[in-house]
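Asker: Dropping in model00.txt, with compact mmCIF, C-alpha atoms.
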```txt
# COMPACT_ATOMS: atom_id res chain seq x y z
CA MET H 1 0.00 0.00 0.00
CA PHE H 2 1.10 3.59 -0.66
CA GLY H 3 1.91 5.73 2.35
CA TYR H 4 0.96 9.41 2.40
CA SER H 5 4.26 10.49 0.84
CA GLY H 6 4.07 7.63 -1.67
CA VAL H 7 0.64 8.77 -2.87
CA LEU H 8 1.88 12.35 -3.26
CA GLU H 9 4.94 11.21 -5.22
CA PHE H 10 2.74 9.10 -7.51
CA LEU H 11 0.39 12.05 -8.11
CA VAL H 12 3.32 14.37 -8.82
CA ALA H 13 4.74 11.88 -11.35
CA ALA H 14 1.31 11.36 -12.96
CA LEU H 15 0.80 15.12 -13.28
CA ALA H 16 4.20 15.53 -14.95
CA ILE H 17 3.43 12.68 -17.37
CA ILE H 18 -0.04 13.96 -18.28
CA LEU H 19 1.21 17.52 -18.88
CA ALA H 20 4.14 16.35 -21.00
CA ILE H 21 2.07 14.18 -23.35
CA MET H 22 -0.74 16.77 -23.53
CA LEU H 23 1.66 19.57 -24.49
CA HIS H 24 3.32 17.28 -27.04
CA GLU H 25 -0.01 16.78 -28.83
CA LEU H 26 -0.97 20.46 -28.51
CA ALA H 27 2.27 21.37 -30.28
CA HIS H 28 1.28 19.13 -33.22
CA GLY H 29 -2.20 20.66 -33.35
CA TYR H 30 -1.12 24.29 -33.22
CA VAL H 31 1.63 23.85 -35.82
CA ALA H 32 -0.89 22.08 -38.09
CA LEU H 33 -3.23 25.06 -37.66
CA TRP H 34 -0.34 27.41 -38.45
CA ASN H 35 0.20 25.41 -41.66
CA GLY H 36 -3.45 25.87 -42.63
CA ASP H 37 -5.06 22.69 -41.26
CA PRO H 38 -7.84 23.30 -38.67
CA THR H 39 -8.70 19.59 -38.23
CA ALA H 40 -7.34 19.40 -34.67
CA LYS H 41 -9.21 22.58 -33.74
CA TYR H 42 -12.53 21.31 -35.14
CA ASN H 43 -12.07 18.01 -33.27
CA GLY H 44 -11.57 19.77 -29.92
CA ARG H 45 -7.91 18.81 -29.64
CA LEU H 46 -6.50 22.31 -29.12
CA SER H 47 -7.55 21.98 -25.51
CA LEU H 48 -5.83 21.95 -22.12
CA ASN H 49 -8.30 19.31 -20.99
CA PRO H 50 -6.16 16.15 -20.60
CA ILE H 51 -9.16 13.91 -21.28
CA ALA H 52 -9.17 15.17 -24.89
CA HIS H 53 -5.69 13.67 -25.34
CA PHE H 54 -6.06 10.61 -23.11
CA ASP H 55 -4.98 7.16 -24.31
CA ILE H 56 -5.11 4.50 -21.60
CA PHE H 57 -2.48 2.19 -23.15
CA GLY H 58 -0.08 5.03 -23.89
CA LEU H 59 -0.42 6.39 -20.34
CA MET H 60 0.15 2.95 -18.80
CA MET H 61 3.29 2.58 -20.90
CA LEU H 62 4.55 5.89 -19.53
CA LEU H 63 3.84 4.87 -15.94
CA LEU H 64 5.44 1.43 -16.37
CA ALA H 65 8.30 2.11 -18.76
CA ARG H 66 8.53 5.93 -18.92
CA ILE H 67 7.90 5.76 -22.66
CA GLY H 68 4.51 6.11 -24.27
CA TYR H 69 2.13 8.44 -26.05
CA ALA H 70 -1.19 10.30 -26.02
CA ARG H 71 -4.05 9.94 -28.51
CA PRO H 72 -2.60 11.33 -31.76
CA VAL H 73 -3.91 14.69 -32.93
CA PRO H 74 -5.85 14.32 -36.21
CA ILE H 75 -4.42 16.22 -39.16
CA ASN H 76 -5.29 16.49 -42.84
CA PRO H 77 -2.16 17.16 -44.94
CA ASN H 78 -4.38 18.14 -47.87
CA ASN H 79 -5.14 21.37 -45.99
CA PHE H 80 -1.48 22.37 -45.65
CA ARG H 81 -0.43 25.37 -47.70
CA ASN H 82 2.81 23.49 -48.42
CA ARG H 83 2.30 19.76 -47.95
CA LYS H 84 5.95 18.73 -47.54
CA LEU H 85 6.80 21.63 -45.21
CA GLY H 86 3.59 21.04 -43.26
CA LEU H 87 4.29 17.34 -42.71
CA LEU H 88 7.85 18.08 -41.63
CA THR H 89 7.06 20.89 -39.19
CA VAL H 90 4.01 19.17 -37.67
CA SER H 91 5.94 15.94 -37.19
CA LEU H 92 8.86 17.73 -35.49
CA ALA H 93 6.68 20.07 -33.41
CA GLY H 94 6.00 17.69 -30.51
CA ILE H 95 9.59 16.47 -30.34
CA LEU H 96 11.11 19.96 -30.32
CA PHE H 97 8.55 21.27 -27.83
CA ASN H 98 9.30 18.41 -25.44
CA LEU H 99 13.02 19.22 -25.62
CA LEU H 100 12.32 22.92 -25.09
CA LEU H 101 10.20 22.18 -22.01
CA ALA H 102 12.92 19.95 -20.55
CA PHE H 103 15.51 22.65 -21.21
CA LEU H 104 13.40 25.31 -19.46
CA PHE H 105 12.60 23.16 -16.43
CA VAL H 106 16.21 22.21 -15.59
CA PRO H 107 16.92 25.60 -13.93
CA LEU H 108 13.63 25.34 -12.01
CA LEU H 109 14.86 22.00 -10.70
CA PHE H 110 18.04 23.70 -9.46
CA LEU H 111 16.04 26.48 -7.78
CA CYS H 112 13.72 24.01 -6.05
CA ASN H 113 16.67 22.00 -4.82
CA ASN H 114 18.33 25.12 -3.39
CA GLY H 115 15.01 26.23 -1.88
CA ALA H 116 14.61 22.88 -0.11
CA ILE H 117 18.15 23.05 1.29
CA ASN H 118 17.61 26.60 2.58
CA ALA H 119 14.23 25.70 4.10
CA ILE H 120 15.76 22.72 5.93
CA ALA H 121 18.56 24.94 7.23
CA GLN H 122 15.93 27.37 8.56
CA GLY H 123 13.93 24.55 10.14
CA ASN H 124 10.87 25.27 7.98
CA GLU H 125 9.52 21.77 7.36
CA VAL H 126 6.40 22.87 5.45
CA LEU H 127 8.42 24.96 2.98
CA ALA H 128 11.03 22.21 2.68
CA ASN H 129 8.32 19.67 1.76
CA LEU H 130 6.80 22.07 -0.77
CA PHE H 131 10.16 22.55 -2.49
CA TYR H 132 10.78 18.79 -2.35
CA TYR H 133 7.59 17.96 -4.26
CA LEU H 134 8.14 20.81 -6.71
CA ARG H 135 11.62 19.41 -7.31
CA GLU H 136 10.15 15.91 -7.83
CA PHE H 137 7.73 17.35 -10.39
CA CYS H 138 10.59 19.06 -12.24
CA VAL H 139 12.68 15.87 -12.23
CA TRP H 140 9.82 13.83 -13.67
CA PHE H 141 8.88 16.56 -16.14
CA VAL H 142 12.42 16.80 -17.49
CA ILE H 143 12.83 13.02 -17.73
CA ILE H 144 9.45 12.39 -19.38
CA ASN H 145 9.82 15.23 -21.88
CA VAL H 146 13.25 14.02 -23.00
CA ASN H 147 12.02 10.42 -23.11
CA LEU H 148 9.03 11.44 -25.23
CA ALA H 149 11.29 13.33 -27.64
CA LEU H 150 13.72 10.41 -27.99
CA PHE H 151 10.92 7.85 -28.34
CA ASN H 152 8.94 9.83 -30.90
CA ILE H 153 11.97 10.69 -33.05
CA LEU H 154 12.49 6.99 -33.85
CA PRO H 155 11.78 6.44 -37.58
CA ILE H 156 9.26 3.68 -36.85
CA TYR H 157 5.60 3.85 -37.89
CA PRO H 158 3.45 5.40 -36.45
CA LEU H 159 5.88 7.66 -34.54
CA ASP H 160 6.74 11.24 -35.49
CA GLY H 161 10.19 10.22 -36.69
CA TYR H 162 8.62 7.99 -39.33
CA ASN H 163 6.38 10.86 -40.45
CA VAL H 164 9.49 13.00 -40.89
CA VAL H 165 11.09 10.30 -43.06
CA GLU H 166 7.90 9.85 -45.08
CA GLY H 167 7.59 13.62 -45.49
CA VAL H 168 11.02 13.97 -47.11
CA THR H 169 11.03 10.74 -49.14
CA ARG H 170 8.72 9.00 -51.56
CA ALA H 171 5.83 7.29 -49.77
CA THR H 172 6.23 4.31 -52.11
CA ASN H 173 9.85 3.44 -51.24
CA LYS H 174 10.58 0.05 -49.65
CA TYR H 175 11.36 1.41 -46.18
CA ASN H 176 8.10 3.33 -45.95
CA LYS H 177 6.12 0.35 -47.23
CA PHE H 178 7.79 -1.96 -44.71
CA MET H 179 7.13 0.42 -41.82
CA ARG H 180 3.51 0.94 -42.82
CA ASN H 181 2.99 -2.83 -42.74
CA TYR H 182 5.16 -3.88 -39.81
CA GLY H 183 6.33 -0.79 -37.90
CA GLN H 184 3.68 -0.96 -35.19
CA TYR H 185 4.55 -4.60 -34.47
CA LEU H 186 8.26 -3.75 -34.28
CA LEU H 187 7.42 -0.97 -31.85
CA LEU H 188 5.32 -3.28 -29.66
CA ILE H 189 8.16 -5.81 -29.57
CA LEU H 190 10.69 -3.17 -28.50
CA VAL H 191 8.39 -1.77 -25.80
CA GLY H 192 7.49 -5.28 -24.64
CA ILE H 193 11.17 -6.20 -24.26
CA SER H 194 11.76 -2.97 -22.32
CA ILE H 195 8.94 -3.73 -19.86
CA ILE H 196 9.98 -7.40 -19.41
CA VAL H 197 13.62 -6.48 -18.78
CA ASP H 198 12.59 -3.85 -16.24
CA VAL H 199 10.07 -6.04 -14.40
CA MET H 200 12.33 -9.11 -14.28
CA GLY H 201 15.48 -7.17 -13.41
CA MET H 202 17.38 -8.49 -16.42
CA PRO H 203 20.68 -6.91 -17.58
CA TYR H 204 20.10 -3.46 -19.11
CA PHE H 205 21.96 -4.31 -22.33
CA MET H 206 19.13 -6.74 -23.20
CA ASP H 207 16.78 -3.76 -23.59
CA PRO H 208 17.75 -1.94 -26.83
CA LEU H 209 15.01 0.69 -26.52
CA GLY H 210 15.79 1.43 -22.87
CA LEU H 211 19.53 1.50 -23.54
CA TYR H 212 19.05 4.01 -26.37
CA ILE H 213 16.70 6.26 -24.41
CA ASN H 214 18.65 6.19 -21.14
CA THR H 215 21.99 6.85 -22.85
CA PHE H 216 20.84 9.77 -24.95
CA ARG H 217 18.62 11.18 -22.18
CA ASN H 218 21.60 11.30 -19.83
CA TRP H 219 23.66 13.12 -22.47
CA ILE H 220 20.89 15.63 -23.17
CA VAL H 221 20.05 16.35 -19.52
CA ASP H 222 23.76 16.64 -18.71
CA ALA H 223 24.19 19.16 -21.55
CA PHE H 224 21.17 21.18 -20.35
CA SER H 225 22.48 21.08 -16.76
CA LYS H 226 25.94 22.27 -17.77
CA PHE H 227 24.46 25.13 -19.78
CA TRP H 228 22.28 26.35 -16.91
CA SER H 229 25.06 25.86 -14.35
CA PHE H 230 27.14 28.23 -16.45
CA VAL H 231 24.32 30.77 -16.91
CA ILE H 232 22.85 30.86 -13.39
```
Do you think you could lay out the structure here as structure tokens?
Answerer:
Amino acid sequence: MFGYSGVLEFLVAALAIILAIMLHELAHGYVALWNGDPTAKYNGRLSLNPIAHFDIFGLMMLLLARIGYARPVPINPNNFRNRKLGLLTVSLAGILFNLLLAFLFVPLLFLCNNGAINAIAQGNEVLANLFYYLREFCVWFVIINVNLALFNILPIYPLDGYNVVEGVTRATNKYNKFMRNYGQYLLLILVGISIIVDVMGMPYFMDPLGLYINTFRNWIVDAFSKFWSFVI
């Protein structure tokens, strides 16, 4: 059973996950609108209501494996003023916005950490706990946003990375055809391996998806941290 602090930590993590995937999809929808396609707007997807973007399987994947997705925003490329540019910018929008959010929340993580240390030194337990949970939110928000960016940039159907590849190549080439037919199964296999390795405590090198995401996430977060350490 969760204790009081365990419930709060779970809620903080869930909030960070929901916000990250919701903002990812909003970025797709608004960039599609900017390109001339109002489909997401007409379907009620340019909304801050998380229920509009909710996908139970994608959310469970995020909670279990820290990789997952929301319900994809509907778009109609035929409405784009420039089809190729529209497909490229809409596909990259969620990925780049996730990285931007992670970049902006790293300094907030530092500030919350310093705030907690100062509050403890002053003997202010309430303020220390507030800063602690704010710091936990920032940690989760940074991790999930970078994970989402790295996961979605994979050139596997139906992820954003595949849409980028399809947008700059011929839709009829062999790679695109293969991914359209088998990409989703390849993705399920990779995610399934990741969950099994994590649950069974198997060696990390047996999880190619987790190894890729953890390695590059550490590099990205370290680069963001070094930048803000220099600036602040």
Asker: From the options H:Leu190, H:Ala20, H:Ala121, H:Ile220, which residue's atoms come nearest to H:Trp140, counting only C-alpha atoms?
Answerer: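 Ranked by minimum distance to H:Trp140, first place goes to H:Ala20.
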Asker: Just give me the gap between atom CA of H:Leu46 and atom CA of H:Arg81 in Å, one decimal is fine.
Answerer: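 We find that atom CA of H:Leu46 and atom CA of H:Arg81 lie 19.8 Å from each other.
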Asker: Kindly indicate which residue among H:Ala128, H:Asn181, H:Tyr133, H:Gly94 lies nearest to H:Leu109, using only C-alpha atoms for the distances.
Answerer: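 For H:Leu109, the nearest of the given residues is H:Tyr133.
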Asker: Could you tell me how far atom CA of H:Ala223 sits from atom CA of H:Val197, in Å to one decimal place?
Answerer: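 Atom-to-atom, atom CA of H:Val197 to atom CA of H:Ala223, that is 27.9 Å.
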Asker: Quick one: of H:Phe131, H:Phe80, H:Phe205, H:Phe216, who's nearest to H:Leu150, counting all atoms listed in the file?
Answerer: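 Distance minimum relative to H:Leu150 lands on H:Phe216.
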Asker: Can you tell me how far atom CA of H:Asn124 sits from atom CA of H:Ala14, in Å to one decimal?
Answerer: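 So the two atoms, atom CA of H:Asn124 and atom CA of H:Ala14, lie 26.9 Å apart.
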Asker: Kindly assemble as JSON lines a list of the stretch 88-110 of chain H residues that lie within 8 Å of stretch 158-163 of chain H, each paired with its nearest atom pair and their distance in Å to one decimal, using all atoms listed in the file, sorted first by chain and then by ascending residue number.
Answerer:
```
{"residue": "H:Leu88", "atom": "CA", "partner": "H:Asn163", "partner_atom": "CA", "distance": 7.5}
{"residue": "H:Ser91", "atom": "CA", "partner": "H:Asp160", "partner_atom": "CA", "distance": 5.1}
{"residue": "H:Leu92", "atom": "CA", "partner": "H:Asp160", "partner_atom": "CA", "distance": 6.8}
{"residue": "H:Ile95", "atom": "CA", "partner": "H:Asp160", "partner_atom": "CA", "distance": 7.9}
```
Asker: I'd like the neighbourhood of H:Ala32 as a VMD selection string, where a residue qualifies if any of its atoms comes within 12 Å (using only C-alpha atoms), though same-chain residues fewer than 5 positions away should be ignored.
Answerer: chain H and resid 25 to 27 37 to 41 45 to 46 73 to 83 85 to 94
Asker: With C-alpha atoms kept, could you save the residues just selected as a short mmCIF file (atom, residue, chain, number, x, y, z; two decimals), keeping the file's coordinate frame?
Answerer:
```
data_model
loop_
_atom_site.label_atom_id
_atom_site.label_comp_id
_atom_site.auth_asym_id
_atom_site.auth_seq_id
_atom_site.Cartn_x
_atom_site.Cartn_y
_atom_site.Cartn_z
CA GLU H 25 -0.01 16.78 -28.83
CA LEU H 26 -0.97 20.46 -28.51
CA ALA H 27 2.27 21.37 -30.28
CA ASP H 37 -5.06 22.69 -41.26
CA PRO H 38 -7.84 23.30 -38.67
CA THR H 39 -8.70 19.59 -38.23
CA ALA H 40 -7.34 19.40 -34.67
CA LYS H 41 -9.21 22.58 -33.74
CA ARG H 45 -7.91 18.81 -29.64
CA LEU H 46 -6.50 22.31 -29.12
CA VAL H 73 -3.91 14.69 -32.93
CA PRO H 74 -5.85 14.32 -36.21
CA ILE H 75 -4.42 16.22 -39.16
CA ASN H 76 -5.29 16.49 -42.84
CA PRO H 77 -2.16 17.16 -44.94
CA ASN H 78 -4.38 18.14 -47.87
CA ASN H 79 -5.14 21.37 -45.99
CA PHE H 80 -1.48 22.37 -45.65
CA ARG H 81 -0.43 25.37 -47.70
CA ASN H 82 2.81 23.49 -48.42
CA ARG H 83 2.30 19.76 -47.95
CA LEU H 85 6.80 21.63 -45.21
CA GLY H 86 3.59 21.04 -43.26
CA LEU H 87 4.29 17.34 -42.71
CA LEU H 88 7.85 18.08 -41.63
CA THR H 89 7.06 20.89 -39.19
CA VAL H 90 4.01 19.17 -37.67
CA SER H 91 5.94 15.94 -37.19
CA LEU H 92 8.86 17.73 -35.49
CA ALA H 93 6.68 20.07 -33.41
CA GLY H 94 6.00 17.69 -30.51
#
```
Asker: Could you check the closest approach to H:Met179 for each of H:Pro203, H:Pro155, H:Gly192, H:Gly167 and tell me which residue wins, using all atoms listed in the file?
Answerer: H:Pro155
Asker: Please list, as a ChimeraX atom specification, the residues that have an atom at most 10 Å away from (15.3, 22.8, -3.2) in the coordinates of this file, counting only C-alpha atoms.
Answerer: /H:108-120,127-136
Asker: Calculated over all atoms listed in the file, which of the candidates H:Ile153, H:Val139, H:Val146, H:Ile195 has the smallest distance to H:Thr215?
Answerer: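 Closest candidate: H:Val146.
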Asker: Skip H:Phe137 itself and residues of its chain fewer than 5 positions away, then list as an MDAnalysis selection string all residues within 7 Å of it, counting all atoms listed in the file.
Answerer: chainID H and resid 12:13 16
Asker: Determine, counting all atoms listed in the file, which protein, DNA and RNA residues have an atom within 10 Å of an atom of H:Tyr204; residues of the same chain fewer than 6 positions away are not included. Present the result as a list in words.
Answerer: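 Near neighbours after the sequence-gap exclusion: Ser194, Val197, Asp198, Gly210, Leu211 and Asn214 of chain H.
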Asker: With only C-alpha atoms as the counted atoms, please give the residues lying no more than 7 Å from H:Asn147, apart from itself and same-chain residues fewer than 4 positions off, as a list of chain:residue names.
Answerer: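 The residues that qualify are H:Ile67, H:Ile143, H:Phe151, H:Ile213, H:Arg217.
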Asker: Since the input lacks atoms, please generate N, CA and C atoms for stretch 19-54 of chain H and provide them as a short mmCIF file (atom, residue, chain, number, x, y, z; two decimals), keeping the file's coordinate frame.
Answerer:
```
data_model
loop_
_atom_site.label_atom_id
_atom_site.label_comp_id
_atom_site.auth_asym_id
_atom_site.auth_seq_id
_atom_site.Cartn_x
_atom_site.Cartn_y
_atom_site.Cartn_z
N LEU H 19 0.90 16.22 -18.28
CA LEU H 19 1.21 17.52 -18.88
C LEU H 19 2.15 17.37 -20.07
N ALA H 20 3.15 16.52 -19.94
CA ALA H 20 4.14 16.35 -21.00
C ALA H 20 3.50 15.81 -22.28
N ILE H 21 2.66 14.75 -22.15
CA ILE H 21 2.07 14.18 -23.35
C ILE H 21 0.99 15.10 -23.92
N MET H 22 0.29 15.84 -23.05
CA MET H 22 -0.74 16.77 -23.53
C MET H 22 -0.10 17.90 -24.33
N LEU H 23 0.99 18.46 -23.81
CA LEU H 23 1.66 19.57 -24.49
C LEU H 23 2.32 19.09 -25.78
N HIS H 24 2.76 17.85 -25.81
CA HIS H 24 3.32 17.28 -27.04
C HIS H 24 2.26 17.29 -28.15
N GLU H 25 1.05 16.84 -27.82
CA GLU H 25 -0.01 16.78 -28.83
C GLU H 25 -0.51 18.18 -29.19
N LEU H 26 -0.56 19.09 -28.21
CA LEU H 26 -0.97 20.46 -28.51
C LEU H 26 -0.01 21.11 -29.49
N ALA H 27 1.28 20.82 -29.36
CA ALA H 27 2.27 21.37 -30.28
C ALA H 27 1.98 20.92 -31.70
N HIS H 28 1.66 19.63 -31.88
CA HIS H 28 1.28 19.13 -33.22
C HIS H 28 0.07 19.89 -33.75
N GLY H 29 -0.96 20.04 -32.91
CA GLY H 29 -2.20 20.66 -33.35
C GLY H 29 -2.03 22.11 -33.73
N TYR H 30 -1.29 22.87 -32.93
CA TYR H 30 -1.12 24.29 -33.22
C TYR H 30 -0.24 24.53 -34.44
N VAL H 31 0.78 23.70 -34.63
CA VAL H 31 1.63 23.85 -35.82
C VAL H 31 0.86 23.43 -37.07
N ALA H 32 -0.01 22.44 -36.95
CA ALA H 32 -0.89 22.08 -38.09
C ALA H 32 -1.80 23.24 -38.44
N LEU H 33 -2.36 23.90 -37.43
CA LEU H 33 -3.23 25.06 -37.66
C LEU H 33 -2.44 26.19 -38.32
N TRP H 34 -1.22 26.40 -37.87
CA TRP H 34 -0.34 27.41 -38.45
C TRP H 34 -0.05 27.11 -39.93
N ASN H 35 -0.03 25.82 -40.27
CA ASN H 35 0.20 25.41 -41.66
C ASN H 35 -1.07 25.40 -42.50
N GLY H 36 -2.21 25.75 -41.88
CA GLY H 36 -3.45 25.87 -42.63
C GLY H 36 -4.44 24.75 -42.41
N ASP H 37 -4.15 23.80 -41.49
CA ASP H 37 -5.06 22.69 -41.26
C ASP H 37 -5.78 22.84 -39.91
N PRO H 38 -7.09 23.10 -39.92
CA PRO H 38 -7.84 23.30 -38.67
C PRO H 38 -8.47 22.02 -38.12
N THR H 39 -8.07 20.85 -38.63
CA THR H 39 -8.70 19.59 -38.23
C THR H 39 -8.65 19.37 -36.72
N ALA H 40 -7.48 19.60 -36.11
CA ALA H 40 -7.34 19.40 -34.67
C ALA H 40 -8.26 20.35 -33.90
N LYS H 41 -8.35 21.58 -34.39
CA LYS H 41 -9.21 22.58 -33.74
C LYS H 41 -10.67 22.15 -33.80
N TYR H 42 -11.13 21.71 -34.97
CA TYR H 42 -12.53 21.31 -35.14
C TYR H 42 -12.87 20.04 -34.36
N ASN H 43 -11.86 19.23 -34.03
CA ASN H 43 -12.07 18.01 -33.27
C ASN H 43 -11.86 18.21 -31.77
N GLY H 44 -11.72 19.46 -31.35
CA GLY H 44 -11.57 19.77 -29.92
C GLY H 44 -10.25 19.36 -29.31
N ARG H 45 -9.20 19.27 -30.14
CA ARG H 45 -7.91 18.81 -29.64
C ARG H 45 -6.96 19.94 -29.29
N LEU H 46 -7.32 21.18 -29.57
CA LEU H 46 -6.50 22.31 -29.12
C LEU H 46 -7.02 22.74 -27.75
N SER H 47 -6.95 21.82 -26.83
CA SER H 47 -7.55 21.98 -25.51
C SER H 47 -6.56 21.60 -24.43
N LEU H 48 -6.65 22.30 -23.28
CA LEU H 48 -5.83 21.95 -22.12
C LEU H 48 -6.50 20.90 -21.25
N ASN H 49 -7.64 20.39 -21.70
CA ASN H 49 -8.30 19.31 -20.99
C ASN H 49 -7.59 18.00 -21.30
N PRO H 50 -6.93 17.37 -20.31
CA PRO H 50 -6.16 16.15 -20.60
C PRO H 50 -7.00 15.00 -21.12
N ILE H 51 -8.29 15.00 -20.81
CA ILE H 51 -9.16 13.91 -21.28
C ILE H 51 -9.24 13.89 -22.81
N ALA H 52 -9.12 15.08 -23.42
CA ALA H 52 -9.17 15.17 -24.89
C ALA H 52 -7.99 14.45 -25.54
N HIS H 53 -6.90 14.27 -24.78
CA HIS H 53 -5.69 13.67 -25.34
C HIS H 53 -5.40 12.30 -24.74
N PHE H 54 -6.31 11.80 -23.92
CA PHE H 54 -6.06 10.61 -23.11
C PHE H 54 -6.06 9.33 -23.94
#
```
